[in-house]
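J.: What follows is the file input-v8.txt, containing compact mmCIF, N, CA and C atoms and all ligand atoms:
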# COMPACT_ATOMS: atom_id res chain seq x y z
N MET A 1 8.92 -10.55 14.38
CA MET A 1 8.71 -9.21 14.93
C MET A 1 8.52 -9.32 16.45
N ALA A 2 9.27 -8.54 17.18
CA ALA A 2 9.44 -8.74 18.62
C ALA A 2 8.12 -8.74 19.39
N ASP A 3 7.23 -7.84 19.04
CA ASP A 3 6.04 -7.66 19.87
C ASP A 3 4.80 -8.33 19.31
N CYS A 4 4.98 -9.26 18.40
CA CYS A 4 3.83 -9.84 17.70
C CYS A 4 3.46 -11.19 18.33
N LEU A 5 2.19 -11.31 18.73
CA LEU A 5 1.70 -12.54 19.38
C LEU A 5 1.93 -13.77 18.51
N PHE A 6 1.59 -13.66 17.23
CA PHE A 6 1.70 -14.86 16.38
C PHE A 6 3.17 -15.18 16.08
N CYS A 7 4.04 -14.17 15.97
CA CYS A 7 5.47 -14.47 15.83
C CYS A 7 5.96 -15.24 17.06
N LYS A 8 5.47 -14.88 18.23
CA LYS A 8 5.87 -15.57 19.47
C LYS A 8 5.36 -17.02 19.46
N ILE A 9 4.15 -17.24 18.97
CA ILE A 9 3.62 -18.61 18.87
C ILE A 9 4.46 -19.42 17.88
N ILE A 10 4.76 -18.81 16.73
CA ILE A 10 5.54 -19.50 15.69
C ILE A 10 6.91 -19.90 16.23
N HIS A 11 7.51 -19.03 17.04
CA HIS A 11 8.85 -19.31 17.58
C HIS A 11 8.80 -20.03 18.93
N LYS A 12 7.58 -20.47 19.30
CA LYS A 12 7.36 -21.27 20.53
C LYS A 12 7.79 -20.51 21.79
N GLU A 13 7.67 -19.20 21.73
CA GLU A 13 7.97 -18.39 22.91
C GLU A 13 6.77 -18.31 23.85
N ILE A 14 5.59 -18.56 23.28
CA ILE A 14 4.40 -18.74 24.12
C ILE A 14 3.69 -20.01 23.64
N PRO A 15 3.02 -20.71 24.56
CA PRO A 15 2.44 -22.01 24.18
C PRO A 15 1.20 -21.86 23.31
N SER A 16 0.98 -22.85 22.48
CA SER A 16 -0.25 -22.94 21.69
C SER A 16 -0.37 -24.37 21.21
N GLU A 17 -1.52 -24.69 20.66
CA GLU A 17 -1.73 -26.06 20.17
C GLU A 17 -1.44 -26.10 18.67
N ILE A 18 -0.15 -26.21 18.36
CA ILE A 18 0.28 -26.27 16.96
C ILE A 18 -0.02 -27.67 16.43
N ILE A 19 -0.75 -27.72 15.30
CA ILE A 19 -1.03 -29.04 14.71
C ILE A 19 -0.12 -29.32 13.51
N TYR A 20 0.51 -28.28 12.98
CA TYR A 20 1.39 -28.48 11.81
C TYR A 20 2.33 -27.28 11.72
N GLN A 21 3.57 -27.55 11.34
CA GLN A 21 4.52 -26.46 11.09
C GLN A 21 5.54 -26.92 10.06
N ASP A 22 5.82 -26.07 9.09
CA ASP A 22 6.92 -26.31 8.15
C ASP A 22 7.69 -25.00 7.98
N GLU A 23 8.51 -24.92 6.95
CA GLU A 23 9.36 -23.72 6.82
C GLU A 23 8.57 -22.47 6.44
N ASP A 24 7.35 -22.66 5.95
CA ASP A 24 6.54 -21.52 5.49
C ASP A 24 5.38 -21.17 6.42
N LEU A 25 4.76 -22.20 7.00
CA LEU A 25 3.48 -22.01 7.69
C LEU A 25 3.48 -22.62 9.07
N THR A 26 2.67 -22.03 9.95
CA THR A 26 2.34 -22.66 11.23
C THR A 26 0.81 -22.68 11.34
N ILE A 27 0.28 -23.84 11.75
CA ILE A 27 -1.18 -24.00 11.87
C ILE A 27 -1.46 -24.42 13.31
N PHE A 28 -2.31 -23.64 13.98
CA PHE A 28 -2.61 -23.95 15.38
C PHE A 28 -4.09 -23.68 15.69
N LYS A 29 -4.55 -24.25 16.81
CA LYS A 29 -5.94 -24.09 17.21
C LYS A 29 -6.20 -22.68 17.73
N ASP A 30 -7.31 -22.10 17.30
CA ASP A 30 -7.72 -20.80 17.84
C ASP A 30 -8.08 -20.97 19.32
N ILE A 31 -7.60 -20.06 20.15
CA ILE A 31 -7.79 -20.16 21.60
C ILE A 31 -9.26 -19.94 22.00
N ASN A 32 -10.02 -19.31 21.12
CA ASN A 32 -11.43 -19.00 21.41
C ASN A 32 -12.28 -19.46 20.22
N PRO A 33 -12.46 -20.79 20.11
CA PRO A 33 -13.04 -21.33 18.87
C PRO A 33 -14.47 -20.85 18.61
N ALA A 34 -14.72 -20.49 17.36
CA ALA A 34 -16.04 -20.05 16.93
C ALA A 34 -16.78 -21.16 16.18
N ALA A 35 -16.20 -22.34 16.10
CA ALA A 35 -16.79 -23.49 15.42
C ALA A 35 -16.12 -24.74 16.00
N PRO A 36 -16.73 -25.93 15.81
CA PRO A 36 -16.11 -27.15 16.34
C PRO A 36 -14.66 -27.32 15.88
N VAL A 37 -14.38 -26.97 14.65
CA VAL A 37 -12.99 -26.90 14.18
C VAL A 37 -12.68 -25.44 13.89
N HIS A 38 -11.69 -24.89 14.54
CA HIS A 38 -11.29 -23.50 14.29
C HIS A 38 -9.77 -23.44 14.39
N LEU A 39 -9.15 -23.39 13.23
CA LEU A 39 -7.68 -23.35 13.15
C LEU A 39 -7.25 -22.04 12.52
N LEU A 40 -6.02 -21.65 12.81
CA LEU A 40 -5.42 -20.45 12.21
C LEU A 40 -4.23 -20.89 11.36
N ILE A 41 -4.25 -20.47 10.12
CA ILE A 41 -3.16 -20.80 9.18
C ILE A 41 -2.34 -19.53 9.03
N VAL A 42 -1.10 -19.59 9.46
CA VAL A 42 -0.29 -18.38 9.63
C VAL A 42 1.06 -18.53 8.92
N PRO A 43 1.41 -17.60 8.04
CA PRO A 43 2.76 -17.65 7.46
C PRO A 43 3.81 -17.34 8.53
N ASN A 44 4.92 -18.04 8.49
CA ASN A 44 5.97 -17.81 9.49
C ASN A 44 6.58 -16.42 9.35
N GLN A 45 6.57 -15.93 8.13
CA GLN A 45 7.12 -14.59 7.87
C GLN A 45 6.11 -13.54 8.33
N HIS A 46 6.57 -12.54 9.06
CA HIS A 46 5.65 -11.52 9.56
C HIS A 46 5.20 -10.59 8.43
N LEU A 47 3.87 -10.54 8.27
CA LEU A 47 3.24 -9.60 7.33
C LEU A 47 1.95 -9.21 8.03
N ALA A 48 1.72 -7.91 8.20
CA ALA A 48 0.62 -7.49 9.07
C ALA A 48 -0.75 -7.86 8.50
N SER A 49 -0.98 -7.54 7.24
CA SER A 49 -2.29 -7.81 6.63
C SER A 49 -2.15 -7.71 5.12
N VAL A 50 -3.25 -7.92 4.43
CA VAL A 50 -3.23 -7.83 2.96
C VAL A 50 -2.77 -6.43 2.52
N ARG A 51 -3.07 -5.43 3.33
CA ARG A 51 -2.68 -4.05 3.01
C ARG A 51 -1.17 -3.92 2.82
N GLU A 52 -0.41 -4.68 3.59
CA GLU A 52 1.06 -4.59 3.54
C GLU A 52 1.66 -5.55 2.51
N MET A 53 0.79 -6.30 1.85
CA MET A 53 1.28 -7.29 0.88
C MET A 53 2.01 -6.59 -0.27
N GLU A 54 3.11 -7.22 -0.73
CA GLU A 54 3.88 -6.68 -1.85
C GLU A 54 3.99 -7.77 -2.92
N SER A 55 4.34 -7.32 -4.15
CA SER A 55 4.57 -8.34 -5.18
C SER A 55 5.72 -9.21 -4.70
N GLY A 56 5.59 -10.47 -4.85
CA GLY A 56 6.56 -11.41 -4.30
C GLY A 56 5.99 -12.18 -3.13
N ASP A 57 4.92 -11.65 -2.55
CA ASP A 57 4.27 -12.35 -1.43
C ASP A 57 3.19 -13.33 -1.91
N GLU A 58 2.93 -13.34 -3.23
CA GLU A 58 1.82 -14.17 -3.73
C GLU A 58 2.03 -15.65 -3.42
N LEU A 59 3.25 -16.11 -3.60
CA LEU A 59 3.52 -17.54 -3.40
C LEU A 59 3.26 -17.93 -1.94
N LEU A 60 3.76 -17.11 -1.04
CA LEU A 60 3.59 -17.40 0.38
C LEU A 60 2.10 -17.39 0.76
N LEU A 61 1.39 -16.39 0.27
CA LEU A 61 -0.03 -16.31 0.62
C LEU A 61 -0.82 -17.43 -0.05
N GLY A 62 -0.39 -17.83 -1.23
CA GLY A 62 -1.01 -18.99 -1.89
C GLY A 62 -0.82 -20.25 -1.06
N LYS A 63 0.31 -20.35 -0.39
CA LYS A 63 0.57 -21.53 0.45
C LYS A 63 -0.41 -21.61 1.62
N MET A 64 -0.98 -20.47 2.00
CA MET A 64 -2.00 -20.51 3.07
C MET A 64 -3.19 -21.37 2.61
N PHE A 65 -3.54 -21.29 1.33
CA PHE A 65 -4.65 -22.13 0.83
C PHE A 65 -4.27 -23.60 0.83
N SER A 66 -3.04 -23.90 0.44
CA SER A 66 -2.59 -25.31 0.50
C SER A 66 -2.62 -25.79 1.94
N GLY A 67 -2.21 -24.92 2.87
CA GLY A 67 -2.23 -25.28 4.29
C GLY A 67 -3.64 -25.50 4.77
N ALA A 68 -4.57 -24.67 4.31
CA ALA A 68 -5.98 -24.82 4.71
C ALA A 68 -6.53 -26.14 4.21
N LYS A 69 -6.21 -26.48 2.97
CA LYS A 69 -6.67 -27.75 2.40
C LYS A 69 -6.15 -28.92 3.23
N MET A 70 -4.88 -28.88 3.53
CA MET A 70 -4.26 -29.96 4.32
C MET A 70 -4.86 -30.03 5.72
N ALA A 71 -5.04 -28.88 6.35
CA ALA A 71 -5.58 -28.85 7.72
C ALA A 71 -7.02 -29.35 7.74
N ALA A 72 -7.79 -29.04 6.70
CA ALA A 72 -9.17 -29.54 6.61
C ALA A 72 -9.16 -31.06 6.50
N GLU A 73 -8.24 -31.59 5.73
CA GLU A 73 -8.13 -33.05 5.60
C GLU A 73 -7.72 -33.67 6.94
N MET A 74 -6.74 -33.04 7.59
CA MET A 74 -6.27 -33.55 8.88
C MET A 74 -7.39 -33.54 9.93
N SER A 75 -8.30 -32.57 9.80
CA SER A 75 -9.39 -32.41 10.78
C SER A 75 -10.63 -33.21 10.40
N GLY A 76 -10.60 -33.84 9.22
CA GLY A 76 -11.74 -34.66 8.79
C GLY A 76 -12.94 -33.86 8.33
N ILE A 77 -12.71 -32.63 7.87
CA ILE A 77 -13.85 -31.80 7.44
C ILE A 77 -13.74 -31.43 5.96
N ASP A 78 -12.84 -32.09 5.24
CA ASP A 78 -12.64 -31.72 3.84
C ASP A 78 -13.85 -32.09 2.98
N GLN A 79 -14.62 -33.10 3.39
CA GLN A 79 -15.80 -33.50 2.61
C GLN A 79 -17.04 -32.70 3.02
N THR A 80 -17.14 -32.36 4.30
CA THR A 80 -18.34 -31.68 4.80
C THR A 80 -18.29 -30.17 4.55
N GLY A 81 -17.10 -29.63 4.36
CA GLY A 81 -16.96 -28.22 4.01
C GLY A 81 -16.48 -27.35 5.14
N TYR A 82 -16.06 -26.18 4.77
CA TYR A 82 -15.47 -25.26 5.76
C TYR A 82 -15.44 -23.86 5.17
N ARG A 83 -15.22 -22.92 6.05
CA ARG A 83 -15.15 -21.51 5.64
C ARG A 83 -13.75 -20.99 5.93
N LEU A 84 -13.20 -20.23 4.99
CA LEU A 84 -11.88 -19.61 5.16
C LEU A 84 -12.08 -18.10 5.24
N ILE A 85 -11.53 -17.50 6.28
CA ILE A 85 -11.74 -16.06 6.51
C ILE A 85 -10.40 -15.39 6.76
N VAL A 86 -10.18 -14.26 6.11
CA VAL A 86 -9.00 -13.42 6.39
C VAL A 86 -9.52 -12.03 6.73
N ASN A 87 -9.49 -11.69 8.01
CA ASN A 87 -9.91 -10.35 8.44
C ASN A 87 -8.78 -9.36 8.19
N ASN A 88 -9.16 -8.19 7.66
CA ASN A 88 -8.17 -7.16 7.38
C ASN A 88 -8.63 -5.82 7.92
N GLY A 89 -7.90 -5.30 8.89
CA GLY A 89 -8.15 -3.95 9.36
C GLY A 89 -9.32 -3.84 10.33
N PRO A 90 -9.53 -2.61 10.82
CA PRO A 90 -10.47 -2.38 11.93
C PRO A 90 -11.92 -2.75 11.62
N ASP A 91 -12.44 -2.43 10.44
CA ASP A 91 -13.85 -2.74 10.17
C ASP A 91 -14.11 -4.24 10.18
N ALA A 92 -13.09 -5.00 9.86
CA ALA A 92 -13.22 -6.47 9.84
C ALA A 92 -12.84 -7.09 11.19
N HIS A 93 -12.52 -6.24 12.17
CA HIS A 93 -12.14 -6.70 13.52
C HIS A 93 -10.88 -7.55 13.52
N GLN A 94 -9.91 -7.18 12.68
CA GLN A 94 -8.63 -7.89 12.76
C GLN A 94 -7.97 -7.51 14.08
N GLU A 95 -7.77 -8.52 14.93
CA GLU A 95 -7.20 -8.28 16.26
C GLU A 95 -5.70 -8.46 16.29
N VAL A 96 -5.22 -9.42 15.54
CA VAL A 96 -3.79 -9.74 15.55
C VAL A 96 -3.20 -9.29 14.21
N LEU A 97 -2.25 -8.36 14.28
CA LEU A 97 -1.71 -7.77 13.07
C LEU A 97 -0.53 -8.60 12.53
N HIS A 98 -0.82 -9.86 12.31
CA HIS A 98 0.06 -10.80 11.60
C HIS A 98 -0.91 -11.61 10.75
N ILE A 99 -0.80 -11.49 9.46
CA ILE A 99 -1.84 -12.05 8.57
C ILE A 99 -2.09 -13.53 8.89
N HIS A 100 -3.37 -13.91 8.86
CA HIS A 100 -3.74 -15.29 9.17
C HIS A 100 -5.06 -15.62 8.51
N MET A 101 -5.24 -16.88 8.24
CA MET A 101 -6.49 -17.38 7.67
C MET A 101 -7.18 -18.24 8.71
N HIS A 102 -8.44 -17.93 8.98
CA HIS A 102 -9.25 -18.77 9.86
C HIS A 102 -9.82 -19.93 9.04
N LEU A 103 -9.74 -21.11 9.57
CA LEU A 103 -10.39 -22.28 8.99
C LEU A 103 -11.47 -22.72 9.96
N LEU A 104 -12.72 -22.59 9.53
CA LEU A 104 -13.87 -22.90 10.40
C LEU A 104 -14.68 -24.03 9.79
N GLY A 105 -15.06 -25.00 10.60
CA GLY A 105 -15.88 -26.10 10.09
C GLY A 105 -16.31 -27.02 11.19
N GLY A 106 -16.86 -28.15 10.77
CA GLY A 106 -17.30 -29.16 11.72
C GLY A 106 -18.76 -29.01 12.11
N GLY A 107 -19.49 -28.14 11.45
CA GLY A 107 -20.92 -27.95 11.73
C GLY A 107 -21.51 -27.03 10.67
N LYS A 108 -22.82 -27.14 10.49
CA LYS A 108 -23.48 -26.31 9.47
C LYS A 108 -23.46 -24.85 9.91
N MET A 109 -23.02 -23.98 9.01
CA MET A 109 -22.93 -22.55 9.35
C MET A 109 -24.14 -21.79 8.85
N LYS A 110 -24.35 -20.63 9.44
CA LYS A 110 -25.41 -19.75 8.96
C LYS A 110 -24.96 -19.12 7.63
N HIS A 111 -25.93 -18.81 6.83
CA HIS A 111 -25.65 -18.15 5.56
C HIS A 111 -26.73 -17.09 5.36
N PRO A 112 -26.49 -15.90 4.89
CA PRO A 112 -25.20 -15.40 4.44
C PRO A 112 -24.29 -14.99 5.58
N MET A 113 -23.08 -14.60 5.21
CA MET A 113 -22.08 -14.20 6.19
C MET A 113 -22.36 -12.79 6.70
N GLY A 114 -21.62 -12.44 7.76
CA GLY A 114 -21.61 -11.05 8.19
C GLY A 114 -22.48 -10.78 9.36
P1 LIG A 201 -8.55 -11.80 14.01
O1 LIG A 201 -9.69 -11.13 14.71
O2 LIG A 201 -8.89 -12.21 12.59
O3 LIG A 201 -7.27 -11.00 14.11
O4 LIG A 201 -8.33 -13.17 14.76
C1 LIG A 201 -7.42 -13.35 15.80
C2 LIG A 201 -7.71 -14.70 16.39
O5 LIG A 201 -6.61 -15.08 17.22
C3 LIG A 201 -8.97 -14.73 17.27
O6 LIG A 201 -9.91 -15.66 16.74
C4 LIG A 201 -8.44 -15.16 18.64
O7 LIG A 201 -9.30 -16.03 19.32
C5 LIG A 201 -7.11 -15.83 18.28
N1 LIG A 201 -6.12 -15.83 19.33
C6 LIG A 201 -5.75 -14.79 20.13
N2 LIG A 201 -4.76 -15.17 20.97
C7 LIG A 201 -4.49 -16.47 20.70
C8 LIG A 201 -3.58 -17.44 21.21
N3 LIG A 201 -2.73 -17.14 22.21
N4 LIG A 201 -3.59 -18.69 20.70
C9 LIG A 201 -4.45 -19.01 19.71
N5 LIG A 201 -5.32 -18.15 19.16
C10 LIG A 201 -5.36 -16.89 19.65
ZN ZN A 202 4.19 -11.53 13.52
Can the structure in the file be given as structure tokens, please?
T.:
Amino acid sequence: MADCLFCKIIHKEIPSEIIYQDEDLTIFKDINPAAPVHLLIVPNQHLASVREMESGDELLLGKMFSGAKMAAEMSGIDQTGYRLIVNNGPDAHQEVLHIHMHLLGGGKMKHPMG
């Protein structure tokens, strides 16, 4: 999608620290990290949010979890734990309207969330 920040990152039209890319997913470092490890797991196909999800998108969105698992292993936080967050819509402060999963870890987090 022409005007989408994450589509531009996926297509390398703007720079970012991509740590992994395949035909389905791109994983890169969040520019404003909220934890020692903060990665974004992003499907290459443009989908704004869960609200726009259609039947047939389950496989692709499921791959985001596989990508998160792999990225946690690559970052050395698979044993210590991590949090996966998908913000959807204004109340959740979704800033980029291209669905993405935050992978946060590398330090003890506060609990509960919110
Ligand atoms: P969300 O609020 O869930 O939409 O999260 C969007 C995330 O994208 C935020 O954590 C931002 O820090 C991050 N972000 C914005 N621009 C960039 C960029 N150019 N490269 C990497 N991450 C970005
Ligand atoms: Zn996009």
J.: Which residues are close to Leu103 of chain A, i.e. within 5 Å by all atoms listed in the file, leaving aside same-chain residues fewer than 5 positions away? Reply as a PyMOL selection string.
T.: chain A and resi 37-40+83-84
J.: How would you write, as a ChimeraX atom specification, the set of residues no farther than 7 Å from ligand ZN 202 (chain A) when counting only N, CA and C atoms and all ligand atoms?
T.: /A:1-8,44-48,97-99
J.: Could you please write out, as an MDAnalysis selection string, every residue of chain A that DSSP assigns to helix (DSSP H, G or I)?
T.: chainID A and resid 5:10 50:52 58:75 90:92
J.: Using all atoms listed in the file, can you tell me which of A:Asp30, A:Glu73, A:Asp24, A:Glu52 comes closest to ligand LIG 201 (chain A)?
T.: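 Among the listed residues, A:Asp30 lies closest to ligand LIG 201 (chain A).
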J.: Within 8 Å of ligand LIG 201 (chain A), counting only N, CA and C atoms and all ligand atoms: which residues, as JSON, numbers by chain?
T.: {"A": [5, 6, 9, 14, 15, 16, 17, 28, 29, 30, 31, 32, 33, 34, 39, 40, 85, 86, 87, 88, 89, 92, 93, 94, 95, 96, 97, 98, 99, 100, 101, 102]}
J.: I need the residue nearest Ala72 of chain A from this list: A:Pro112, A:Asp91, A:Tyr20, A:Leu59. Use only C-alpha atoms for the distance.
T.: A:Tyr20
